[in-house]
$ cat model36.txt   # compact mmCIF, C-alpha atoms and all ligand atoms
# COMPACT_ATOMS: atom_id res chain seq x y z
CA MET U 1237 122.47 0.40 43.33
CA THR U 1238 122.95 0.08 39.59
CA ILE U 1239 121.52 2.61 37.19
CA ILE U 1240 119.08 -0.04 35.91
CA THR U 1241 117.81 -0.88 39.40
CA ARG U 1242 117.45 2.81 40.20
CA SER U 1243 115.42 3.51 37.06
CA LEU U 1244 113.24 0.46 37.69
CA LEU U 1245 112.53 1.73 41.20
CA GLY U 1246 111.69 5.15 39.80
CA LEU U 1247 109.33 3.61 37.30
CA ALA U 1248 107.57 1.57 39.99
CA LEU U 1249 107.18 4.68 42.15
CA GLY U 1250 105.73 6.58 39.19
CA VAL U 1251 103.21 3.84 38.45
CA ALA U 1252 102.22 3.70 42.13
CA LEU U 1253 101.70 7.47 42.25
CA VAL U 1254 99.61 7.47 39.07
CA SER U 1255 97.44 4.64 40.35
CA LEU U 1256 97.12 6.34 43.75
CA SER U 1257 95.96 9.55 42.12
CA SER U 1258 93.58 7.75 39.74
CA ASN U 1259 92.18 5.83 42.73
CA SER U 1260 91.64 9.05 44.61
CA LEU U 1261 90.02 10.58 41.54
CA GLU U 1262 87.68 7.61 41.44
CA ALA U 1263 87.03 7.98 45.16
CA GLN U 1264 86.25 11.67 44.63
CA ALA U 1265 83.89 10.87 41.75
CA ALA U 1266 82.18 8.22 43.87
CA ALA U 1267 81.79 10.70 46.72
CA ASP U 1268 80.26 13.22 44.30
CA VAL U 1269 77.69 10.72 43.05
CA GLN U 1270 76.70 9.69 46.57
CA LYS U 1271 76.51 13.34 47.63
CA ALA U 1272 74.17 14.17 44.74
CA VAL U 1273 71.96 11.17 45.52
CA ASP U 1274 71.82 12.00 49.24
CA ALA U 1275 71.07 15.67 48.56
CA ALA U 1276 68.13 14.87 46.26
CA TYR U 1277 66.77 12.35 48.75
CA ALA U 1278 66.93 14.84 51.62
CA LYS U 1279 65.43 17.64 49.50
CA TYR U 1280 62.38 15.72 48.23
CA LYS U 1281 61.70 13.16 50.96
CA GLY U 1282 58.99 15.26 52.58
CA LEU U 1283 57.40 16.56 49.37
CA GLN U 1284 53.68 15.79 49.31
CA GLU U 1285 52.57 16.46 45.73
CA GLY U 1286 50.72 14.25 43.28
CA LYS U 1287 48.55 11.19 43.77
CA ASN U 1288 48.93 7.43 43.27
CA ALA U 1289 47.33 6.09 40.09
CA ASP U 1290 43.99 4.54 40.99
CA TYR U 1291 42.51 3.45 37.65
CA ILE U 1292 44.30 0.15 38.42
CA PRO U 1293 42.90 -0.45 41.93
CA ALA U 1294 46.03 -2.24 43.25
CA LEU U 1295 48.17 0.84 42.57
CA ALA U 1296 46.09 3.02 44.88
CA LYS U 1297 47.09 0.75 47.78
CA VAL U 1298 50.86 1.20 47.37
CA ASP U 1299 52.52 3.27 50.13
CA PRO U 1300 52.73 6.83 48.72
CA ASN U 1301 55.74 7.57 50.94
CA LEU U 1302 57.88 4.88 49.32
CA PHE U 1303 60.92 6.75 47.95
CA GLY U 1304 64.09 5.17 46.62
CA ILE U 1305 66.89 6.41 44.40
CA ALA U 1306 69.59 4.35 42.65
CA VAL U 1307 72.38 5.32 40.26
CA VAL U 1308 74.64 2.84 38.44
CA THR U 1309 78.01 3.96 37.01
CA PRO U 1310 80.08 2.25 34.26
CA ASP U 1311 82.09 0.22 36.80
CA GLY U 1312 78.83 -1.39 37.99
CA LYS U 1313 78.84 0.52 41.30
CA VAL U 1314 75.38 1.24 42.68
CA TYR U 1315 74.74 4.42 44.70
CA THR U 1316 71.48 4.51 46.62
CA ALA U 1317 69.30 6.44 49.04
CA GLY U 1318 66.01 5.55 50.66
CA ASP U 1319 64.06 2.36 50.03
CA VAL U 1320 65.66 0.51 47.12
CA LYS U 1321 64.34 -2.91 48.13
CA THR U 1322 60.56 -2.62 48.01
CA GLU U 1323 59.12 -3.67 44.66
CA VAL U 1324 56.47 -1.84 42.70
CA SER U 1325 55.02 -2.84 39.34
CA ILE U 1326 57.22 -1.75 36.45
CA GLN U 1327 54.20 -0.61 34.39
CA SER U 1328 55.07 1.42 31.30
CA ILE U 1329 58.81 1.17 31.84
CA SER U 1330 58.42 -2.38 30.51
CA LYS U 1331 57.44 -0.83 27.17
CA VAL U 1332 61.05 0.20 26.64
CA PHE U 1333 62.38 -3.31 27.08
CA THR U 1334 59.75 -5.06 24.98
CA MET U 1335 60.34 -2.51 22.22
CA ALA U 1336 64.10 -3.08 22.62
CA GLN U 1337 63.57 -6.82 22.36
CA VAL U 1338 61.64 -6.46 19.10
CA ILE U 1339 64.34 -4.12 17.75
CA GLN U 1340 67.05 -6.57 18.79
CA GLU U 1341 65.27 -9.47 17.12
CA GLN U 1342 63.80 -7.82 14.04
CA GLY U 1343 65.83 -4.66 13.53
CA LEU U 1344 65.16 -0.95 13.94
CA ASP U 1345 62.96 -0.83 10.83
CA ALA U 1346 60.45 -3.31 12.21
CA ILE U 1347 59.21 -0.95 14.93
CA GLU U 1348 59.42 2.13 12.71
CA LYS U 1349 57.41 0.56 9.90
CA ARG U 1350 54.69 -1.11 11.97
CA ILE U 1351 54.19 1.35 14.82
CA GLY U 1352 56.24 4.47 14.14
CA VAL U 1353 58.67 6.53 16.21
CA ASP U 1354 56.76 9.79 16.47
CA ALA U 1355 55.42 11.48 19.58
CA THR U 1356 51.63 11.50 19.80
CA GLY U 1357 51.53 14.52 22.12
CA ALA U 1358 48.66 12.78 23.89
CA ARG U 1359 48.11 10.85 27.11
CA PHE U 1360 49.50 7.32 27.27
CA ASN U 1361 46.16 5.59 26.72
CA SER U 1362 44.71 8.00 24.18
CA ILE U 1363 42.44 6.43 21.59
CA ILE U 1364 42.00 9.80 19.88
CA ALA U 1365 45.74 9.70 19.04
CA VAL U 1366 45.15 6.47 17.08
CA GLU U 1367 42.06 7.89 15.44
CA GLY U 1368 43.95 11.09 14.62
CA VAL U 1369 46.41 9.19 12.47
CA LYS U 1370 43.84 6.93 10.87
CA VAL U 1371 40.84 9.17 10.40
CA VAL U 1372 41.88 12.81 10.74
CA ALA U 1373 45.17 12.54 8.81
CA GLY U 1374 43.49 9.84 6.74
CA THR U 1375 46.72 7.93 6.22
CA GLY U 1376 46.85 5.14 8.79
CA ALA U 1377 50.62 5.55 8.48
CA PRO U 1378 52.50 4.54 11.59
CA GLU U 1379 52.78 7.87 13.35
CA MET U 1380 52.82 6.82 16.96
CA ASN U 1381 55.37 5.00 19.10
CA ALA U 1382 55.87 1.87 21.16
CA LEU U 1383 55.90 3.76 24.47
CA VAL U 1384 52.20 4.66 24.52
CA ASN U 1385 49.62 1.95 25.16
CA PRO U 1386 48.42 1.39 21.56
CA GLY U 1387 51.97 1.11 20.22
CA ALA U 1388 53.15 -0.89 23.22
CA ILE U 1389 50.39 -3.48 22.89
CA SER U 1390 51.30 -3.74 19.20
CA ALA U 1391 55.01 -4.16 20.07
CA THR U 1392 54.14 -6.96 22.48
CA SER U 1393 52.17 -8.61 19.65
CA MET U 1394 55.35 -8.52 17.53
CA VAL U 1395 57.43 -10.66 19.91
CA THR U 1396 57.73 -13.96 18.08
CA GLY U 1397 57.25 -17.35 19.68
CA GLY U 1398 53.72 -18.48 18.95
CA SER U 1399 52.28 -19.68 22.24
CA ALA U 1400 51.68 -17.21 25.05
CA ASP U 1401 54.13 -19.11 27.27
CA ALA U 1402 56.89 -18.99 24.66
CA VAL U 1403 56.41 -15.26 24.05
CA TRP U 1404 56.28 -14.57 27.78
CA ALA U 1405 59.53 -16.49 28.37
CA LYS U 1406 61.23 -14.14 25.92
CA ILE U 1407 59.71 -10.99 27.39
CA ILE U 1408 60.60 -11.80 30.99
CA GLY U 1409 63.99 -13.15 29.87
CA PHE U 1410 64.91 -9.81 28.30
CA HIS U 1411 63.80 -7.88 31.39
CA ASN U 1412 65.79 -10.26 33.62
CA ALA U 1413 68.92 -9.86 31.54
CA ALA U 1414 68.71 -6.08 31.68
CA ALA U 1415 68.08 -6.11 35.45
CA GLY U 1416 70.69 -8.81 36.10
CA ARG U 1417 68.37 -10.96 38.19
CA GLU U 1418 65.19 -13.01 37.90
CA LEU U 1419 62.16 -10.80 38.24
CA THR U 1420 58.66 -12.03 39.07
CA VAL U 1421 55.15 -10.83 38.33
CA LEU U 1422 53.26 -9.11 41.18
CA GLN U 1423 50.15 -11.26 40.97
CA ASP U 1424 47.87 -8.85 42.83
CA VAL U 1425 48.68 -6.10 40.32
CA TYR U 1426 48.29 -8.46 37.35
CA LYS U 1427 44.86 -9.55 38.58
CA SER U 1428 43.77 -6.03 39.42
CA GLU U 1429 44.82 -4.69 36.00
CA SER U 1430 43.36 -7.70 34.15
CA ASP U 1431 40.02 -7.06 35.87
CA SER U 1432 40.02 -3.37 35.00
CA ASN U 1433 41.76 -3.08 31.61
CA GLN U 1434 38.71 -2.76 29.37
CA ARG U 1435 40.20 0.37 27.82
CA ASN U 1436 43.37 -1.49 26.80
CA GLN U 1437 41.22 -4.30 25.41
CA ALA U 1438 39.40 -1.74 23.28
CA ILE U 1439 42.77 -0.38 22.15
CA GLY U 1440 43.96 -3.92 21.29
CA ALA U 1441 40.88 -4.59 19.19
CA LEU U 1442 41.25 -1.22 17.46
CA MET U 1443 44.91 -1.90 16.67
CA LEU U 1444 43.90 -5.18 15.05
CA ALA U 1445 41.16 -3.44 13.08
CA TYR U 1446 43.65 -0.85 11.81
CA GLY U 1447 46.36 -3.43 10.98
CA TYR U 1448 48.95 -2.52 13.58
CA ILE U 1449 48.35 -5.92 15.23
CA LYS U 1450 48.25 -8.87 12.85
CA ASP U 1451 46.36 -11.42 14.96
CA ASN U 1452 45.35 -12.44 18.48
CA TRP U 1453 44.97 -9.02 20.09
CA GLN U 1454 43.65 -10.70 23.25
CA GLN U 1455 46.99 -12.49 23.78
CA ALA U 1456 48.87 -9.26 23.15
CA VAL U 1457 46.78 -7.36 25.72
CA ASP U 1458 47.17 -10.12 28.29
CA LEU U 1459 50.95 -10.37 27.87
CA TYR U 1460 51.23 -6.59 27.89
CA THR U 1461 49.28 -6.52 31.19
CA ARG U 1462 51.58 -9.19 32.59
CA GLN U 1463 54.74 -7.34 31.56
CA CYS U 1464 53.39 -4.18 33.24
CA SER U 1465 52.97 -6.19 36.48
CA ILE U 1466 56.61 -7.27 36.76
CA GLY U 1467 57.91 -6.35 40.23
CA VAL U 1468 61.01 -4.13 40.39
CA ASN U 1469 62.81 -2.07 43.00
CA ALA U 1470 64.79 1.11 42.38
CA LYS U 1471 68.04 -0.84 42.05
CA ASP U 1472 66.58 -3.14 39.38
CA LEU U 1473 65.33 -0.17 37.41
CA ALA U 1474 68.66 1.66 37.67
CA MET U 1475 70.47 -1.47 36.42
CA MET U 1476 68.05 -1.70 33.49
CA ALA U 1477 68.72 1.97 32.71
CA ALA U 1478 72.46 1.33 33.04
CA THR U 1479 72.25 -1.53 30.54
CA LEU U 1480 70.97 1.02 28.04
CA ALA U 1481 73.50 3.64 29.16
CA PHE U 1482 76.42 1.30 28.51
CA GLY U 1483 75.76 0.07 25.01
CA GLY U 1484 73.28 -2.67 25.84
CA LYS U 1485 75.65 -4.42 28.25
CA ASN U 1486 74.67 -4.99 31.86
CA PRO U 1487 77.62 -3.48 33.79
CA VAL U 1488 77.46 -6.06 36.60
CA THR U 1489 76.80 -9.35 34.80
CA ASN U 1490 78.66 -8.10 31.70
CA LYS U 1491 76.02 -9.78 29.56
CA GLN U 1492 75.45 -8.10 26.18
CA VAL U 1493 71.66 -7.86 26.32
CA MET U 1494 71.24 -6.07 23.01
CA ASP U 1495 73.54 -4.95 20.21
CA ALA U 1496 75.21 -1.63 20.98
CA ASP U 1497 74.31 -0.20 17.56
CA LYS U 1498 70.60 -0.72 18.24
CA VAL U 1499 70.53 1.11 21.58
CA PRO U 1500 70.46 4.69 20.16
CA GLY U 1501 67.13 3.94 18.46
CA VAL U 1502 65.65 2.86 21.78
CA LEU U 1503 66.99 5.97 23.52
CA ALA U 1504 65.60 8.19 20.75
CA VAL U 1505 62.05 6.95 21.31
CA MET U 1506 62.51 7.40 25.07
CA ALA U 1507 63.64 10.99 24.46
CA THR U 1508 60.69 11.66 22.16
CA ALA U 1509 57.92 9.97 24.10
CA GLY U 1510 59.14 8.60 27.44
CA LEU U 1511 57.17 11.02 29.59
CA TYR U 1512 54.13 11.20 27.31
CA ASP U 1513 52.81 14.66 26.62
CA ASP U 1514 55.39 16.10 29.04
CA SER U 1515 58.32 14.54 27.13
CA GLY U 1516 59.34 17.87 25.59
CA LYS U 1517 59.39 19.66 28.94
CA TRP U 1518 61.44 16.85 30.45
CA LEU U 1519 63.97 16.80 27.63
CA TYR U 1520 64.25 20.58 27.76
CA ALA U 1521 65.10 20.43 31.47
CA THR U 1522 67.42 17.40 31.50
CA GLY U 1523 68.34 16.23 28.00
CA LEU U 1524 67.92 12.66 29.23
CA PRO U 1525 66.10 9.81 27.47
CA ALA U 1526 63.74 8.52 30.16
CA LYS U 1527 60.63 6.46 30.77
CA SER U 1528 57.98 6.65 33.45
CA GLY U 1529 55.49 4.12 34.75
CA VAL U 1530 52.23 4.63 36.63
CA GLY U 1531 53.64 2.43 39.42
CA GLY U 1532 55.78 5.46 40.34
CA GLY U 1533 59.08 4.53 38.73
CA ILE U 1534 61.12 6.57 36.27
CA ILE U 1535 64.33 5.45 34.58
CA ALA U 1536 66.71 7.83 32.82
CA VAL U 1537 69.87 7.27 30.82
CA SER U 1538 72.96 9.42 30.50
CA PRO U 1539 74.75 7.55 27.69
CA GLY U 1540 78.18 6.34 28.80
CA LYS U 1541 77.84 8.04 32.18
CA PHE U 1542 75.10 6.50 34.32
CA GLY U 1543 71.73 4.82 34.53
CA ILE U 1544 69.40 6.22 37.18
CA ALA U 1545 66.02 5.27 38.60
CA VAL U 1546 63.72 6.66 41.24
CA ILE U 1547 60.54 5.15 42.66
CA SER U 1548 57.88 7.33 44.29
CA PRO U 1549 54.22 6.47 43.53
CA PRO U 1550 52.42 9.87 43.56
CA LEU U 1551 52.01 11.07 39.97
CA ASP U 1552 51.34 14.42 38.32
CA LYS U 1553 48.52 15.02 35.84
CA ALA U 1554 50.52 13.64 32.89
CA GLY U 1555 51.02 10.34 34.77
CA ASN U 1556 54.67 10.83 35.76
CA SER U 1557 56.07 10.51 39.31
CA VAL U 1558 56.49 13.96 40.84
CA LYS U 1559 59.43 13.19 43.11
CA ALA U 1560 61.19 10.98 40.57
CA GLN U 1561 61.24 13.75 37.98
CA LYS U 1562 62.64 16.27 40.47
CA ALA U 1563 65.23 13.93 42.00
CA ILE U 1564 66.53 12.68 38.64
CA ALA U 1565 66.78 16.21 37.24
CA ASP U 1566 68.76 17.42 40.28
CA ILE U 1567 71.13 14.44 40.35
CA SER U 1568 71.77 14.50 36.64
CA ASN U 1569 72.40 18.22 36.61
CA ALA U 1570 74.83 17.83 39.55
CA LEU U 1571 76.71 15.07 37.68
CA GLY U 1572 76.76 16.76 34.27
CA GLY U 1573 74.46 14.11 32.83
CA ASN U 1574 72.85 16.18 30.05
CA PRO U 1575 74.25 14.79 26.78
CA TYR U 1576 73.51 18.08 24.99
CA ALA U 1577 75.54 20.17 27.42
CA PRO U 1578 79.09 21.16 26.43
CA LYS U 1579 81.76 19.01 28.07
CA PRO U 1580 83.73 20.89 30.78
CA LYS U 1581 87.28 21.74 29.55
O1 LIG I 1 48.30 0.06 30.45
C1 LIG I 1 48.34 0.79 31.43
O2 LIG I 1 47.56 1.71 31.57
C2 LIG I 1 49.38 0.52 32.48
N1 LIG I 1 49.66 -0.87 32.57
C3 LIG I 1 50.67 1.23 32.16
C4 LIG I 1 50.52 2.71 31.99
C5 LIG I 1 51.69 3.49 32.41
O3 LIG I 1 52.54 3.09 33.16
C6 LIG I 1 51.75 4.88 31.95
N2 LIG I 1 52.81 5.56 32.65
N3 LIG I 1 53.09 6.62 32.97
$ encode --input "model36.txt" --output "structure tokens"
Amino acid sequence: MTIITRSLLGLALGVALVSLSSNSLEAQAAADVQKAVDAAYAKYKGLQEGKNADYIPALAKVDPNLFGIAVVTPDGKVYTAGDVKTEVSIQSISKVFTMAQVIQEQGLDAIEKRIGVDATGARFNSIIAVEGVKVVAGTGAPEMNALVNPGAISATSMVTGGSADAVWAKIIGFHNAAAGRELTVLQDVYKSESDSNQRNQAIGALMLAYGYIKDNWQQAVDLYTRQCSIGVNAKDLAMMAATLAFGGKNPVTNKQVMDADKVPGVLAVMATAGLYDDSGKWLYATGLPAKSGVGGGIIAVSPGKFGIAVISPPLDKAGNSVKAQKAIADISNALGGNPYAPKPK
């Protein structure tokens, strides 16, 4: 064997060993993720706390025992436990993606100037929060955010396109791209919420009166109601979270859904206001930008590390899923997901 052949063989062996060890590292990391997911599922499966939302009658009928967890890592791998197939309505989690769409189309300033990026410290459908800015502070300055109902209905009104159909095609298109599949509206939820959304209609009219919505508040409220009724399972939600975790690129389809440099703005509003008046407590415990919906879903984002979602319909008093908060906090803490935590040496 010549010296050259011998060194080539050595090199090949070295490469093989490195790739073997990096494969086993990957396998170990994968096992750790699945272990964390399984542990949270086992720990909280039997927990009976909270209550389904019932101010939208269709939500009261959803099985309260539905419980599914999904985590998506940068390689597009999906780790799951429980029921990750049954769809619930996305509800307020859609607010993130409609806000993201407006930011993508019109820039970060557009949302900040029209609606604001400040926490209201109030419930998601608070009218007093709007009045507080307009009447108490006396400024009318945009000091709310696009993740509470008044700001979200305003954000929906900002999606350009003219006709309701054209605007809707853009809204659902953005959600589809983030989820990596074609989503559909749960018609029973849409009808139920349309029949019972007088409060949101009042909010829409108020937002027009105060100039946050420029015209046609009825169309904005209707499209907002429709976007809240999009059906998603835990896997869809985790993929949507992962799209935000990985710079606006869906890690399975590889489609760049939004510009990477616009994603931090979206995550910042999620961190500030994603769990309403419990957002501070949530951030304190996990450090994760997140968003809840009254359908029982919560998404959370560990930038560059993972997107996670849990669905479990019973909510606490602030309107956030009880089990989803606990499961996400446990899994993220097990995986070192808190972006504020020091990196292990
Ligand atoms: O407008 C509403 O009240 C619902 N469509 C959405 C509210 C919601 O999801 C708040 N989430 N925690």
$ atom_distance --input "model36.txt" --atom1 "CA of Ala1560 (chain U)" --atom2 "CA of Ala1474 (chain U)"
12.3 Å
$ axis_aligned_box --input "model36.txt" --around "ligand LIG 1 (chain I)" --padding-each-side "6 Å" --output "JSON"
{"center_x": 50.3, "center_y": 2.9, "center_z": 31.8, "size_x": 17.5, "size_y": 19.5, "size_z": 14.7}
$ closest_atom_pairs --input "model36.txt" --of "chain U" --to "ligand LIG 1 (chain I)" --cutoff "7 Å" --atoms "only C-alpha atoms and all ligand atoms" --output "JSON lines"
{"residue": "U:Gln1327", "atom": "CA", "partner": "I:LIG1", "partner_atom": "O3", "distance": 4.2}
{"residue": "U:Ser1328", "atom": "CA", "partner": "I:LIG1", "partner_atom": "O3", "distance": 3.6}
{"residue": "U:Ile1329", "atom": "CA", "partner": "I:LIG1", "partner_atom": "O3", "distance": 6.7}
{"residue": "U:Phe1360", "atom": "CA", "partner": "I:LIG1", "partner_atom": "C6", "distance": 5.7}
{"residue": "U:Asn1361", "atom": "CA", "partner": "I:LIG1", "partner_atom": "O2", "distance": 6.4}
{"residue": "U:Asn1385", "atom": "CA", "partner": "I:LIG1", "partner_atom": "O1", "distance": 5.8}
{"residue": "U:Asn1436", "atom": "CA", "partner": "I:LIG1", "partner_atom": "O1", "distance": 6.3}
{"residue": "U:Thr1461", "atom": "CA", "partner": "I:LIG1", "partner_atom": "N1", "distance": 5.8}
{"residue": "U:Cys1464", "atom": "CA", "partner": "I:LIG1", "partner_atom": "N1", "distance": 5.0}
{"residue": "U:Leu1511", "atom": "CA", "partner": "I:LIG1", "partner_atom": "N3", "distance": 6.9}
{"residue": "U:Ser1528", "atom": "CA", "partner": "I:LIG1", "partner_atom": "N3", "distance": 4.9}
{"residue": "U:Gly1529", "atom": "CA", "partner": "I:LIG1", "partner_atom": "O3", "distance": 3.5}
{"residue": "U:Val1530", "atom": "CA", "partner": "I:LIG1", "partner_atom": "O3", "distance": 3.8}
{"residue": "U:Gly1531", "atom": "CA", "partner": "I:LIG1", "partner_atom": "O3", "distance": 6.4}
{"residue": "U:Gly1555", "atom": "CA", "partner": "I:LIG1", "partner_atom": "N3", "distance": 4.6}
{"residue": "U:Asn1556", "atom": "CA", "partner": "I:LIG1", "partner_atom": "N3", "distance": 5.3}
$ atom_distance --input "model36.txt" --atom1 "CA of His1411 (chain U)" --atom2 "CA of Leu1295 (chain U)"
21.1 Å
$ atom_distance --input "model36.txt" --atom1 "CA of Pro1293 (chain U)" --atom2 "CA of Ser1428 (chain U)"
6.2 Å
$ closest_atom_pairs --input "model36.txt" --of "region 1353-1454 of chain U" --to "region 1481-1492 of chain U" --cutoff "12 Å" --atoms "only C-alpha atoms" --output "CSV"
residue,atom,partner,partner_atom,distance
U:Phe1410,CA,U:Gln1492,CA,10.9
U:His1411,CA,U:Asn1486,CA,11.3
U:Asn1412,CA,U:Asn1486,CA,10.5
U:Ala1413,CA,U:Lys1491,CA,7.4
U:Ala1414,CA,U:Asn1486,CA,6.1
U:Ala1415,CA,U:Asn1486,CA,7.6
U:Gly1416,CA,U:Thr1489,CA,6.3
U:Arg1417,CA,U:Thr1489,CA,9.2
$ closest_atom_pairs --input "model36.txt" --of "region 1456-1568 of chain U" --to "region 1287-1290 of chain U" --cutoff "12 Å" --atoms "only C-alpha atoms" --output "Markdown table"
| residue | atom | partner | partner_atom | distance |
| --- | --- | --- | --- | --- |
| U:Gly1529 | CA | U:Ala1289 | CA | 9.9 |
| U:Val1530 | CA | U:Ala1289 | CA | 6.2 |
| U:Gly1531 | CA | U:Ala1289 | CA | 7.3 |
| U:Gly1532 | CA | U:Asn1288 | CA | 7.7 |
| U:Gly1533 | CA | U:Asn1288 | CA | 11.5 |
| U:Ile1547 | CA | U:Asn1288 | CA | 11.8 |
| U:Ser1548 | CA | U:Asn1288 | CA | 9.0 |
| U:Pro1549 | CA | U:Asn1288 | CA | 5.4 |
| U:Pro1550 | CA | U:Lys1287 | CA | 4.1 |
| U:Leu1551 | CA | U:Lys1287 | CA | 5.1 |
| U:Asp1552 | CA | U:Lys1287 | CA | 6.9 |
| U:Lys1553 | CA | U:Lys1287 | CA | 8.8 |
| U:Ala1554 | CA | U:Ala1289 | CA | 10.9 |
| U:Gly1555 | CA | U:Ala1289 | CA | 7.7 |
| U:Asn1556 | CA | U:Ala1289 | CA | 9.8 |
| U:Ser1557 | CA | U:Asn1288 | CA | 8.7 |
| U:Val1558 | CA | U:Lys1287 | CA | 8.9 |
| U:Lys1559 | CA | U:Lys1287 | CA | 11.1 |
$ residues_around --input "model36.txt" --residues "Met1494 (chain U)" --least-positions-apart "4" --cutoff "9 Å" --atoms "all atoms listed in the file" --output "JSON, numbers by chain"
{"U": [1336, 1337, 1339, 1340, 1479, 1480, 1483, 1484, 1485, 1498, 1499]}
$ closest_residue --input "model36.txt" --among "U:Tyr1448, U:Phe1303, U:Trp1404, U:Trp1518" --to "Gln1463 (chain U)" --atoms "all atoms listed in the file"
U:Trp1404
$ closest_residue --input "model36.txt" --among "U:Asn1381, U:Ala1265, U:Gln1455, U:Gln1434" --to "Ala1402 (chain U)" --atoms "all atoms listed in the file"
U:Gln1455
$ closest_residue --input "model36.txt" --among "U:Gly1312, U:Glu1341, U:Lys1450, U:Leu1524" --to "Ala1509 (chain U)" --atoms "only C-alpha atoms"
U:Leu1524
$ residues_near_point --input "model36.txt" --point "(68.0, 15.7, 50.0)" --cutoff "12 Å" --atoms "all atoms listed in the file" --output "PyMOL selection string"
chain U and resi 1270-1283+1303-1305+1317-1318+1559+1562-1564+1566-1567
$ closest_residue --input "model36.txt" --among "U:Lys1427, U:Lys1527, U:Pro1539, U:Asp1311" --to "Val1384 (chain U)" --atoms "all atoms listed in the file"
U:Lys1527
$ closest_residue --input "model36.txt" --among "U:Pro1310, U:Gly1397, U:Gly1447, U:Pro1300" --to "Gly1543 (chain U)" --atoms "all atoms listed in the file"
U:Pro1310
$ closest_residue --input "model36.txt" --among "U:Ile1439, U:Val1425, U:Ala1405, U:Asn1301" --to "Ile1363 (chain U)" --atoms "only C-alpha atoms"
U:Ile1439
$ residues_around --input "model36.txt" --residues "region 1466-1469 of chain U" --least-positions-apart "4" --cutoff "7 Å" --atoms "only C-alpha atoms" --output "PyMOL selection string"
chain U and resi 1320-1326+1419-1422+1462+1473
$ write_last_selection --input "model36.txt" --atoms "C-alpha atoms" --output "PDB file, keeping the file's coordinate frame"
ATOM      1  CA  VAL U1320      65.660   0.510  47.120  1.00  0.00           C
ATOM      2  CA  LYS U1321      64.340  -2.910  48.130  1.00  0.00           C
ATOM      3  CA  THR U1322      60.560  -2.620  48.010  1.00  0.00           C
ATOM      4  CA  GLU U1323      59.120  -3.670  44.660  1.00  0.00           C
ATOM      5  CA  VAL U1324      56.470  -1.840  42.700  1.00  0.00           C
ATOM      6  CA  SER U1325      55.020  -2.840  39.340  1.00  0.00           C
ATOM      7  CA  ILE U1326      57.220  -1.750  36.450  1.00  0.00           C
ATOM      8  CA  LEU U1419      62.160 -10.800  38.240  1.00  0.00           C
ATOM      9  CA  THR U1420      58.660 -12.030  39.070  1.00  0.00           C
ATOM     10  CA  VAL U1421      55.150 -10.830  38.330  1.00  0.00           C
ATOM     11  CA  LEU U1422      53.260  -9.110  41.180  1.00  0.00           C
ATOM     12  CA  ARG U1462      51.580  -9.190  32.590  1.00  0.00           C
ATOM     13  CA  LEU U1473      65.330  -0.170  37.410  1.00  0.00           C
TER      14      LEU U1473
END
